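Q: Sharing model_14.tsv, TSV, C-alpha atoms:
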```tsv
chain	number	residue	atom	x	y	z
A	1	MET	CA	78.96	137.97	109.11
A	2	SER	CA	80.41	141.26	107.83
A	3	GLY	CA	81.57	143.50	110.66
A	4	GLU	CA	81.14	140.75	113.26
A	5	ALA	CA	83.91	138.86	114.96
A	6	PRO	CA	84.01	135.26	113.72
A	7	LEU	CA	82.39	132.78	116.08
A	8	PRO	CA	85.68	130.95	116.86
A	9	THR	CA	87.25	134.30	117.79
A	10	LEU	CA	84.58	134.93	120.41
A	11	LEU	CA	84.86	131.39	121.74
A	12	SER	CA	88.65	131.58	121.80
A	13	GLN	CA	88.78	134.83	123.73
A	14	ALA	CA	86.50	133.38	126.39
A	15	PHE	CA	88.38	130.08	126.55
A	16	VAL	CA	91.82	131.69	126.75
A	17	ALA	CA	90.67	134.20	129.39
A	18	PHE	CA	89.26	131.35	131.48
A	19	THR	CA	92.45	129.32	131.10
A	20	ILE	CA	94.78	132.18	132.03
A	21	GLU	CA	92.74	132.94	135.15
A	22	PHE	CA	92.75	129.22	136.05
A	23	ASP	CA	96.51	128.99	135.44
A	24	ASN	CA	97.31	132.12	137.46
A	25	GLU	CA	95.51	130.66	140.45
A	26	PHE	CA	97.21	127.28	140.10
A	27	GLU	CA	100.60	128.98	139.94
A	28	HIS	CA	99.75	131.01	143.05
A	29	ARG	CA	98.73	127.98	145.12
A	30	MET	CA	101.00	125.20	143.86
A	31	PRO	CA	104.73	124.84	144.68
A	32	HIS	CA	106.46	124.74	141.32
A	33	ARG	CA	109.57	125.38	139.27
A	34	THR	CA	110.00	127.18	135.94
A	35	THR	CA	112.79	127.51	133.38
A	36	ASN	CA	112.88	131.28	133.05
A	37	HIS	CA	110.91	132.66	136.00
A	38	GLY	CA	112.41	130.95	139.03
A	39	SER	CA	110.70	128.70	141.58
A	40	THR	CA	108.51	129.08	144.62
A	41	PRO	CA	110.41	129.19	147.96
A	42	GLY	CA	111.22	125.70	149.14
A	43	ALA	CA	110.01	124.13	145.91
A	44	GLY	CA	112.74	121.50	146.01
A	45	THR	CA	111.68	118.77	143.58
A	46	ALA	CA	108.25	120.30	142.96
A	47	PRO	CA	106.86	119.85	139.43
A	48	TRP	CA	107.48	122.29	136.61
A	49	LEU	CA	104.65	124.73	136.01
A	50	VAL	CA	102.14	123.66	133.35
A	51	SER	CA	98.76	124.87	132.11
A	52	MET	CA	95.15	123.75	132.48
A	53	ALA	CA	95.48	121.52	129.41
A	54	MET	CA	97.57	119.11	131.47
A	55	TRP	CA	94.78	118.85	134.02
A	56	THR	CA	91.88	118.37	131.60
A	57	GLY	CA	93.81	116.13	129.22
A	58	CYS	CA	95.86	114.08	131.68
A	59	MET	CA	95.97	114.47	135.45
A	60	ARG	CA	92.24	114.38	136.15
A	61	LEU	CA	92.16	111.06	134.25
A	62	VAL	CA	94.88	109.39	136.33
A	63	PRO	CA	93.58	108.04	139.66
A	64	GLU	CA	95.84	107.95	142.68
A	65	SER	CA	95.78	104.15	142.56
A	66	GLY	CA	97.19	104.27	139.03
A	67	ILE	CA	96.04	103.20	135.58
A	68	ARG	CA	97.40	101.15	132.66
A	69	ALA	CA	98.64	103.28	129.79
A	70	ALA	CA	96.33	101.37	127.45
A	71	ASP	CA	93.33	102.37	129.58
A	72	LEU	CA	94.44	105.99	129.66
A	73	ARG	CA	94.59	106.40	125.90
A	74	PRO	CA	90.81	106.30	125.13
A	75	PRO	CA	89.80	109.17	127.46
A	76	THR	CA	92.75	111.31	126.33
A	77	ARG	CA	91.85	110.76	122.63
A	78	LEU	CA	95.60	110.68	121.88
A	79	THR	CA	97.40	108.55	119.33
A	80	ALA	CA	99.86	105.96	120.67
A	81	LYS	CA	102.69	108.36	119.82
A	82	GLY	CA	100.89	111.27	121.44
A	83	LEU	CA	100.28	109.33	124.64
A	84	THR	CA	103.93	108.26	124.83
A	85	THR	CA	105.02	111.90	124.44
A	86	LEU	CA	102.55	113.04	127.09
A	87	LEU	CA	103.65	110.41	129.61
A	88	THR	CA	107.33	111.13	129.00
A	89	ARG	CA	106.93	114.84	129.59
A	90	MET	CA	104.55	114.55	132.54
A	91	SER	CA	106.92	112.10	134.26
A	92	ARG	CA	110.57	112.66	133.30
A	93	TRP	CA	110.32	116.29	132.21
A	94	TRP	CA	107.76	117.87	134.50
A	95	GLY	CA	107.41	115.56	137.50
A	96	TYR	CA	103.64	115.02	137.79
A	97	LEU	CA	103.56	111.28	137.04
A	98	GLU	CA	105.43	108.10	137.82
A	99	VAL	CA	105.52	105.58	134.98
A	100	GLU	CA	106.56	101.99	135.73
A	101	PRO	CA	107.30	99.59	132.88
A	102	ALA	CA	105.28	96.40	133.09
A	103	GLY	CA	104.49	93.59	130.72
A	104	ARG	CA	105.83	93.43	127.20
A	105	SER	CA	104.65	96.72	125.72
A	106	ARG	CA	104.14	100.38	126.51
A	107	ALA	CA	100.42	99.66	126.72
A	108	ASP	CA	101.13	97.82	129.99
A	109	TRP	CA	102.96	100.72	131.63
A	110	ARG	CA	101.55	101.56	135.05
A	111	VAL	CA	100.87	105.27	135.40
A	112	ARG	CA	100.22	107.00	138.74
A	113	PRO	CA	100.59	110.52	140.14
A	114	SER	CA	103.86	111.43	141.80
A	115	ALA	CA	103.82	113.16	145.19
A	116	GLY	CA	103.84	116.50	143.36
A	117	GLY	CA	101.16	115.23	141.01
A	118	ARG	CA	98.90	114.29	143.91
A	119	GLN	CA	99.29	117.78	145.36
A	120	ALA	CA	98.61	119.33	141.95
A	121	ARG	CA	95.41	117.28	141.59
A	122	THR	CA	94.22	118.66	144.92
A	123	VAL	CA	94.91	122.23	143.78
A	124	TRP	CA	93.49	121.80	140.29
A	125	GLY	CA	90.31	119.98	141.34
A	126	PRO	CA	88.18	122.93	142.53
A	127	LEU	CA	89.64	125.63	140.30
A	128	GLY	CA	87.20	125.25	137.40
A	129	GLU	CA	84.20	125.92	139.63
A	130	GLU	CA	86.03	128.71	141.45
A	131	VAL	CA	86.87	130.55	138.24
A	132	GLU	CA	83.31	130.16	136.98
A	133	GLU	CA	82.04	131.67	140.25
A	134	ARG	CA	84.42	134.58	139.77
A	135	TRP	CA	82.94	135.10	136.31
A	136	ARG	CA	79.50	135.18	137.88
A	137	GLY	CA	80.69	137.84	140.30
A	138	ARG	CA	82.34	140.01	137.63
A	139	LEU	CA	80.12	139.42	134.61
A	140	GLY	CA	76.83	138.60	136.33
A	141	ALA	CA	75.16	135.30	137.21
A	142	VAL	CA	72.47	135.67	134.55
A	143	PRO	CA	74.91	136.33	131.65
A	144	VAL	CA	77.06	133.36	132.68
A	145	ASP	CA	74.00	131.10	132.95
A	146	HIS	CA	72.90	132.26	129.50
A	147	LEU	CA	76.38	131.52	128.17
A	148	ARG	CA	76.32	127.99	129.60
A	149	GLU	CA	72.89	127.35	128.07
A	150	ALA	CA	73.96	128.71	124.69
A	151	LEU	CA	77.16	126.66	124.71
A	152	TRP	CA	75.33	123.49	125.66
A	153	ALA	CA	72.84	124.00	122.83
A	154	VAL	CA	75.81	123.69	120.48
A	155	ALA	CA	77.96	121.22	122.42
A	156	ARG	CA	75.16	118.66	122.78
A	157	ARG	CA	75.00	118.44	118.98
A	158	LEU	CA	78.72	117.79	118.56
A	159	HIS	CA	80.38	114.40	118.18
A	160	GLY	CA	80.50	112.61	121.52
A	161	ASP	CA	84.20	111.74	121.09
A	162	LEU	CA	85.48	115.30	121.24
A	163	PRO	CA	87.93	115.77	124.14
A	164	ASP	CA	87.22	118.06	127.08
A	165	GLY	CA	90.09	120.43	126.32
A	166	PHE	CA	92.73	121.18	123.74
A	167	PRO	CA	95.08	118.24	123.11
A	168	VAL	CA	98.72	119.25	123.30
A	169	PHE	CA	100.14	116.23	121.49
A	170	ASP	CA	99.04	114.04	118.54
A	171	SER	CA	95.36	113.16	118.86
A	172	ASP	CA	92.63	111.27	117.00
A	173	PRO	CA	89.78	113.77	116.52
A	174	PRO	CA	86.50	112.65	114.97
A	175	PRO	CA	86.49	113.43	111.23
A	176	HIS	CA	83.08	115.11	111.22
A	177	PRO	CA	82.49	116.78	114.60
A	178	LEU	CA	79.28	118.49	113.50
A	179	ALA	CA	77.31	116.44	111.02
A	180	GLU	CA	73.73	115.33	110.72
A	181	ASN	CA	74.68	111.70	111.41
A	182	ALA	CA	77.37	112.30	114.09
A	183	PRO	CA	76.78	110.59	117.47
A	184	ALA	CA	75.99	113.61	119.65
A	185	ALA	CA	76.52	114.10	123.36
A	186	GLY	CA	72.77	114.38	123.88
A	187	GLY	CA	70.95	115.15	127.11
A	188	GLU	CA	68.73	117.95	128.30
A	189	HIS	CA	71.22	119.91	130.36
A	190	SER	CA	74.93	119.88	131.15
A	191	ASP	CA	77.06	119.84	134.24
A	192	LEU	CA	80.19	119.99	132.13
A	193	PRO	CA	82.84	122.51	133.20
A	194	LEU	CA	82.54	125.87	131.49
A	195	SER	CA	86.02	125.39	130.00
A	196	THR	CA	84.87	122.17	128.33
A	197	LEU	CA	81.75	123.81	126.95
A	198	LEU	CA	83.96	126.50	125.41
A	199	ALA	CA	86.62	124.08	124.15
A	200	ARG	CA	84.44	121.58	122.31
A	201	PRO	CA	82.86	123.99	119.78
A	202	LEU	CA	86.30	125.52	119.18
A	203	LEU	CA	87.78	122.09	118.52
A	204	ALA	CA	84.91	121.19	116.22
A	205	PHE	CA	85.35	124.40	114.25
A	206	ALA	CA	89.10	123.82	113.93
A	207	ILE	CA	88.70	120.21	112.79
A	208	GLU	CA	86.33	121.30	110.04
A	209	PHE	CA	88.54	124.23	109.02
A	210	ASP	CA	91.82	122.31	109.06
A	211	ALA	CA	90.39	119.47	106.96
A	212	ALA	CA	90.12	121.90	104.03
A	213	SER	CA	93.07	124.20	104.71
A	214	PRO	CA	96.83	123.68	104.23
A	215	VAL	CA	97.41	126.23	107.01
A	216	PRO	CA	95.90	125.42	110.45
A	217	LEU	CA	93.23	127.71	111.86
A	218	ALA	CA	95.47	128.63	114.80
A	219	VAL	CA	98.13	130.01	112.43
A	220	CYS	CA	95.63	131.75	110.17
A	221	ALA	CA	93.69	133.38	112.99
A	222	ASN	CA	96.65	134.58	115.00
A	223	VAL	CA	99.44	135.38	112.55
A	224	LEU	CA	98.26	135.40	108.93
A	225	ARG	CA	95.34	137.62	109.94
A	226	VAL	CA	97.50	140.43	111.36
A	227	LEU	CA	100.12	140.60	108.60
A	228	GLU	CA	100.17	143.11	105.74
A	229	PRO	CA	101.78	143.24	102.28
A	230	ALA	CA	103.83	146.27	103.39
A	231	GLY	CA	105.25	144.33	106.32
A	232	VAL	CA	104.84	144.33	110.08
A	233	PRO	CA	107.78	144.41	112.52
A	234	VAL	CA	108.08	140.97	114.07
A	235	THR	CA	108.37	142.58	117.49
A	236	GLU	CA	104.83	143.98	117.08
A	237	LEU	CA	103.19	140.64	116.32
A	238	PRO	CA	102.68	139.47	119.94
A	239	ALA	CA	100.78	142.67	120.77
A	240	ARG	CA	98.69	142.43	117.60
A	241	SER	CA	97.83	138.76	118.04
A	242	GLY	CA	97.94	138.04	121.78
A	243	ILE	CA	100.35	135.18	121.04
A	244	ALA	CA	103.76	134.70	122.66
A	245	ARG	CA	106.92	135.34	120.68
A	246	GLU	CA	107.92	131.64	120.69
A	247	ALA	CA	104.68	130.64	118.98
A	248	ILE	CA	104.94	133.56	116.56
A	249	ASP	CA	108.34	132.30	115.42
A	250	VAL	CA	106.99	128.80	114.83
A	251	ALA	CA	104.00	130.12	112.87
A	252	LEU	CA	106.15	132.40	110.72
A	253	GLY	CA	108.38	129.45	109.89
A	254	ARG	CA	105.38	127.46	108.65
A	255	LEU	CA	104.13	130.39	106.58
A	256	GLU	CA	107.58	131.04	105.10
A	257	ARG	CA	107.90	127.42	104.02
A	258	ARG	CA	104.64	127.78	102.11
A	259	ARG	CA	105.85	131.05	100.60
A	260	LEU	CA	102.94	132.95	102.09
A	261	VAL	CA	105.19	135.24	104.13
A	262	GLU	CA	108.62	136.75	103.73
A	263	VAL	CA	110.64	137.73	106.80
A	264	GLY	CA	113.59	140.11	106.55
A	265	SER	CA	114.67	143.72	106.79
A	266	PRO	CA	111.95	146.14	105.64
A	267	ALA	CA	112.38	148.79	102.97
A	268	GLY	CA	114.78	151.53	104.03
A	269	GLY	CA	117.47	149.19	105.28
A	270	ARG	CA	116.47	149.23	108.95
A	271	ARG	CA	117.79	146.32	110.98
A	272	LEU	CA	114.38	145.59	112.50
A	273	ARG	CA	112.99	142.29	111.14
A	274	ALA	CA	109.59	142.51	109.51
A	275	ALA	CA	107.15	139.94	108.14
A	276	ARG	CA	105.16	140.73	105.04
A	277	LEU	CA	102.49	138.89	103.12
A	278	THR	CA	103.35	137.65	99.65
A	279	ALA	CA	100.70	137.62	96.92
A	280	GLY	CA	100.01	134.03	97.89
A	281	GLY	CA	99.72	135.11	101.52
A	282	GLU	CA	97.13	137.76	100.67
A	283	SER	CA	95.12	135.13	98.82
A	284	ALA	CA	95.44	132.71	101.74
A	285	ARG	CA	94.25	135.37	104.19
A	286	ASP	CA	91.19	136.08	102.03
A	287	THR	CA	90.51	132.35	101.75
A	288	TYR	CA	90.78	131.99	105.53
A	289	LEU	CA	88.18	134.72	106.11
A	290	GLY	CA	85.85	133.22	103.51
A	291	ARG	CA	86.21	129.73	104.96
A	292	LEU	CA	85.32	131.01	108.45
A	293	ALA	CA	82.17	132.58	107.10
A	294	ALA	CA	81.24	129.43	105.15
A	295	ILE	CA	81.65	127.14	108.17
A	296	GLU	CA	79.65	129.43	110.43
A	297	SER	CA	76.93	129.56	107.76
A	298	ARG	CA	76.88	125.74	107.65
A	299	TRP	CA	76.60	125.65	111.44
A	300	ARG	CA	73.62	128.00	111.25
A	301	ASP	CA	71.97	125.61	108.78
A	302	LEU	CA	72.64	122.52	110.93
A	303	LEU	CA	72.08	124.01	114.39
A	304	GLY	CA	69.56	126.70	113.55
A	305	GLY	CA	70.22	130.38	113.09
A	306	GLU	CA	68.71	131.20	116.47
A	307	THR	CA	71.08	128.79	118.27
A	308	VAL	CA	74.18	130.41	116.76
A	309	ALA	CA	72.79	133.92	117.25
A	310	THR	CA	72.07	133.18	120.91
A	311	LEU	CA	75.63	131.96	121.45
A	312	ARG	CA	76.98	135.08	119.77
A	313	GLY	CA	74.73	137.23	121.89
A	314	ALA	CA	76.05	135.61	125.06
A	315	LEU	CA	79.72	135.97	124.08
A	316	GLU	CA	79.87	139.39	122.44
A	317	PRO	CA	79.28	141.55	125.56
A	318	MET	CA	82.09	139.68	127.32
A	319	ALA	CA	84.59	139.83	124.46
A	320	ALA	CA	83.87	143.39	123.30
A	321	GLY	CA	84.18	146.50	125.39
A	322	GLU	CA	84.97	150.17	125.25
A	323	GLY	CA	87.14	152.16	127.63
A	324	PRO	CA	90.63	151.88	129.05
A	325	ASP	CA	90.11	148.45	130.60
A	326	GLY	CA	89.10	146.80	127.33
A	327	PRO	CA	86.78	143.78	127.10
A	328	PRO	CA	85.38	142.44	130.41
A	329	LEU	CA	87.10	139.10	129.79
A	330	LEU	CA	90.51	140.74	130.25
A	331	ALA	CA	89.77	141.68	133.87
A	332	GLY	CA	90.29	138.15	135.13
A	333	THR	CA	93.64	137.68	133.38
A	334	GLU	CA	95.52	140.06	135.69
A	335	PRO	CA	98.37	137.99	137.18
A	336	TYR	CA	99.55	137.89	140.76
A	337	PRO	CA	102.53	140.23	141.31
A	338	ASP	CA	104.88	137.27	141.75
A	339	GLY	CA	103.43	135.30	138.83
A	340	TRP	CA	105.42	134.70	135.67
A	341	ARG	CA	102.92	136.62	133.55
A	342	ALA	CA	103.52	139.73	135.68
A	343	ALA	CA	107.11	139.75	134.43
A	344	ALA	CA	106.16	139.18	130.79
A	345	PRO	CA	104.74	141.69	128.29
A	346	ARG	CA	100.94	141.65	128.54
A	347	PRO	CA	99.26	141.87	125.11
A	348	PRO	CA	96.20	144.15	124.94
A	349	VAL	CA	94.22	141.48	123.07
A	350	LEU	CA	93.32	137.83	123.50
A	351	PRO	CA	94.16	135.26	120.80
A	352	HIS	CA	91.68	134.69	118.00
A	353	PHE	CA	92.29	130.97	118.43
A	354	PRO	CA	94.14	129.03	121.15
A	355	MET	CA	97.72	128.26	120.18
A	356	VAL	CA	98.50	125.59	122.76
A	357	SER	CA	102.21	125.23	123.43
A	358	HIS	CA	104.18	121.99	123.72
A	359	ARG	CA	106.04	123.53	126.65
A	360	GLY	CA	103.20	122.99	129.08
A	361	GLY	CA	99.95	123.58	127.22
A	362	PHE	CA	99.64	127.35	127.71
A	363	PRO	CA	96.86	128.66	125.41
A	364	ASP	CA	98.74	131.67	124.04
A	365	GLY	CA	101.85	129.79	122.97
A	366	SER	CA	103.86	130.79	126.04
```
Starting from the coordinates I provided, produce the structure as structure tokens.

A:
Amino acid sequence: MSGEAPLPTLLSQAFVAFTIEFDNEFEHRMPHRTTNHGSTPGAGTAPWLVSMAMWTGCMRLVPESGIRAADLRPPTRLTAKGLTTLLTRMSRWWGYLEVEPAGRSRADWRVRPSAGGRQARTVWGPLGEEVEERWRGRLGAVPVDHLREALWAVARRLHGDLPDGFPVFDSDPPPHPLAENAPAAGGEHSDLPLSTLLARPLLAFAIEFDAASPVPLAVCANVLRVLEPAGVPVTELPARSGIAREAIDVALGRLERRRLVEVGSPAGGRRLRAARLTAGGESARDTYLGRLAAIESRWRDLLGGETVATLRGALEPMAAGEGPDGPPLLAGTEPYPDGWRAAAPRPPVLPHFPMVSHRGGFPDGS
């Protein structure tokens, strides 16, 4: 794998690009409020802006007629605690759901979309297909068809209990998402959304990686990877990683607690904060790279080298690119002029793994 981008990097860049394009369009069409970037005119009590993760992992699963909380938990794949957190935020915090206590336990809660939630469902519903059609227009119908086929060749072999998108709160993932005896999705073809086909292999890779690593793949791929023993100014890390400053701060805190990183003033006494790898951090970074290669090698053994090579071949032309515009995947992430991303620094790279935020599920930690 020397000289090649790791497979989860390629998958992540495609997934994050898809999500950002999806989110930009939802923001453009849906009345909403935000904490730091204002509200749409006349938004009133409109919901707070959230990301695609809240559609795939929640709102598309809640019918307008409502559903018992106990019946919502299986399709979300969340723990009881995770589901409670999700329902609290989607109702009290963000305004997409109405939750009515019923019976003797939280399992009996009645969950239904609010007025804003019903409008959001209408906006979200067609966006997956619309974004995929845009990809066909920009990247070519044949390359996108090849990508879908290559993704399905992997996804159909994964555990059937993998969720359709990245869980934001505590979940119950299958312990062995790609194993010879795992119950696979099966089938001869797939009508799954492109975002789901991208998400499931990424989730499977992360589950396998995290089971053997004290540092999650998302932190290794986005922060540990870009640090150096000599130190990197903290202000440079978002541009190097594609991850928002808030998520960078959380990741650095985790790495500091494990004594893999030190954060402070660099040599020379400048006031600019810098993060540098300790000796343990250098070792952890090397271990991370070796573990990626080992997992991808195992996938080649289980899935077949041609299957993995075909998926790589479909992703690489989209994620790599020369010239001032960068990789083709970046073209679709351009925000609307009045969108919140237009007012935020725009990193020149996409994350090497989704770092889904608890503040609305945005895939770059925003």

Q: One number please: atom CA of Val168 of chain A to atom CA of Leu78 of chain A, in Å, one decimal.

A: 9.2 Å

Q: Within 12 Å of (69.7, 127.4, 117.8) (file coordinates; only C-alpha atoms), which protein or nucleic acid residues are there? I'd like them as a ChimeraX atom specification.

A: /A:149-157,299-313

Q: Which residue gives the smallest distance to Pro238 of chain A among A:Asp364, A:Glu100, A:Glu282, A:Glu296, with only C-alpha atoms counted?

A: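 That would be A:Asp364, the residue with the smallest distance to Pro238 of chain A.
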
Q: Taking into account all atoms listed in the file, which residue in the set A:Pro328, A:Trp48, A:Glu236, A:Pro229 is nearest to Glu262 of chain A?

A: A:Pro229

Q: Pick the closest to Leu252 of chain A from A:Cys220, A:Leu83, A:Ala320, A:Ala230: which is it, counting all atoms listed in the file?

A: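 Nearest candidate to Leu252 of chain A out of A:Cys220, A:Leu83, A:Ala320, A:Ala230: A:Cys220.
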
Q: What is the distance, in Å and to one decimal place, between atom CA of Leu315 of chain A and atom CA of Leu178 of chain A?

A: 20.4 Å

Q: Do you have the atom CA of Arg136 of chain A-atom CA of Leu158 of chain A distance handy?

A: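 Straight-line distance from atom CA of Arg136 of chain A to atom CA of Leu158 of chain A works out to 26.0 Å.
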
Q: Of the candidates A:Val215, A:Ala17, A:Ala102, A:Phe22, which one gets nearest to Val349 of chain A if we count only C-alpha atoms?

A: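 The shortest atom-to-atom distance to Val349 of chain A comes from A:Ala17.
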
Q: Set the distance at 8 Å and use all atoms listed in the file: which residues neighbour segment 192-209 of chain A once local chain neighbours fewer than 3 positions away are removed? I'd like the list as a PyMOL selection string.

A: chain A and resi 8+11-12+14-15+18-19+128-129+132+148+151-152+154-155+158+162-166+173+175-178+212-213+216-217+291-292+295

Q: Pick out the residues sitting within 12 Å of Val234 of chain A, and hand them over as a PyMOL selection string; count only C-alpha atoms, and ignore anything fewer than 5 positions along from it in its own chain.

A: chain A and resi 223+226-228+239-241+243-249+251-252+261-266+271-276

Q: Kindly save the residues from that selection, with C-alpha atoms included, as a PDB file, in the coordinates of the input.

A:
```
ATOM      1  CA  VAL A 223      99.440 135.380 112.550  1.00  0.00           C
ATOM      2  CA  VAL A 226      97.500 140.430 111.360  1.00  0.00           C
ATOM      3  CA  LEU A 227     100.120 140.600 108.600  1.00  0.00           C
ATOM      4  CA  GLU A 228     100.170 143.110 105.740  1.00  0.00           C
ATOM      5  CA  ALA A 239     100.780 142.670 120.770  1.00  0.00           C
ATOM      6  CA  ARG A 240      98.690 142.430 117.600  1.00  0.00           C
ATOM      7  CA  SER A 241      97.830 138.760 118.040  1.00  0.00           C
ATOM      8  CA  ILE A 243     100.350 135.180 121.040  1.00  0.00           C
ATOM      9  CA  ALA A 244     103.760 134.700 122.660  1.00  0.00           C
ATOM     10  CA  ARG A 245     106.920 135.340 120.680  1.00  0.00           C
ATOM     11  CA  GLU A 246     107.920 131.640 120.690  1.00  0.00           C
ATOM     12  CA  ALA A 247     104.680 130.640 118.980  1.00  0.00           C
ATOM     13  CA  ILE A 248     104.940 133.560 116.560  1.00  0.00           C
ATOM     14  CA  ASP A 249     108.340 132.300 115.420  1.00  0.00           C
ATOM     15  CA  ALA A 251     104.000 130.120 112.870  1.00  0.00           C
ATOM     16  CA  LEU A 252     106.150 132.400 110.720  1.00  0.00           C
ATOM     17  CA  VAL A 261     105.190 135.240 104.130  1.00  0.00           C
ATOM     18  CA  GLU A 262     108.620 136.750 103.730  1.00  0.00           C
ATOM     19  CA  VAL A 263     110.640 137.730 106.800  1.00  0.00           C
ATOM     20  CA  GLY A 264     113.590 140.110 106.550  1.00  0.00           C
ATOM     21  CA  SER A 265     114.670 143.720 106.790  1.00  0.00           C
ATOM     22  CA  PRO A 266     111.950 146.140 105.640  1.00  0.00           C
ATOM     23  CA  ARG A 271     117.790 146.320 110.980  1.00  0.00           C
ATOM     24  CA  LEU A 272     114.380 145.590 112.500  1.00  0.00           C
ATOM     25  CA  ARG A 273     112.990 142.290 111.140  1.00  0.00           C
ATOM     26  CA  ALA A 274     109.590 142.510 109.510  1.00  0.00           C
ATOM     27  CA  ALA A 275     107.150 139.940 108.140  1.00  0.00           C
ATOM     28  CA  ARG A 276     105.160 140.730 105.040  1.00  0.00           C
TER      29      ARG A 276
END
```

Q: Could you pull the residues within 7 Å of Gly116 of chain A, counting all atoms listed in the file, minus those fewer than 2 positions along the same chain, as an mmCIF file with C-alpha atoms, keeping the file's coordinate frame?

A:
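File produced: part_36.cif:
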```
data_model
loop_
_atom_site.group_PDB
_atom_site.id
_atom_site.type_symbol
_atom_site.label_atom_id
_atom_site.label_comp_id
_atom_site.auth_asym_id
_atom_site.auth_seq_id
_atom_site.Cartn_x
_atom_site.Cartn_y
_atom_site.Cartn_z
ATOM 1 C CA ALA A 46 108.250 120.300 142.960
ATOM 2 C CA PRO A 47 106.860 119.850 139.430
ATOM 3 C CA GLY A 95 107.410 115.560 137.500
ATOM 4 C CA TYR A 96 103.640 115.020 137.790
ATOM 5 C CA SER A 114 103.860 111.430 141.800
ATOM 6 C CA ARG A 118 98.900 114.290 143.910
ATOM 7 C CA GLN A 119 99.290 117.780 145.360
ATOM 8 C CA ALA A 120 98.610 119.330 141.950
#
```

Q: Find, counting all atoms listed in the file, the residue in A:Ile67, A:Leu147, A:Ala343, A:Val62 that gets nearest to Pro317 of chain A.

A: A:Leu147

Q: Nearest to Trp135 of chain A: which of A:Arg121, A:Leu330, A:Phe353, A:Asp338 is it, counting all atoms listed in the file?

A: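 Using all atoms listed in the file, Trp135 of chain A sits closest to A:Leu330.
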
Q: Please list as a PyMOL selection string every residue within 9 Å of Met355 of chain A, counting all atoms listed in the file and excluding residues in the same chain fewer than 2 positions away.

A: chain A and resi 218-219+222+243+247+351+353+357+361-366
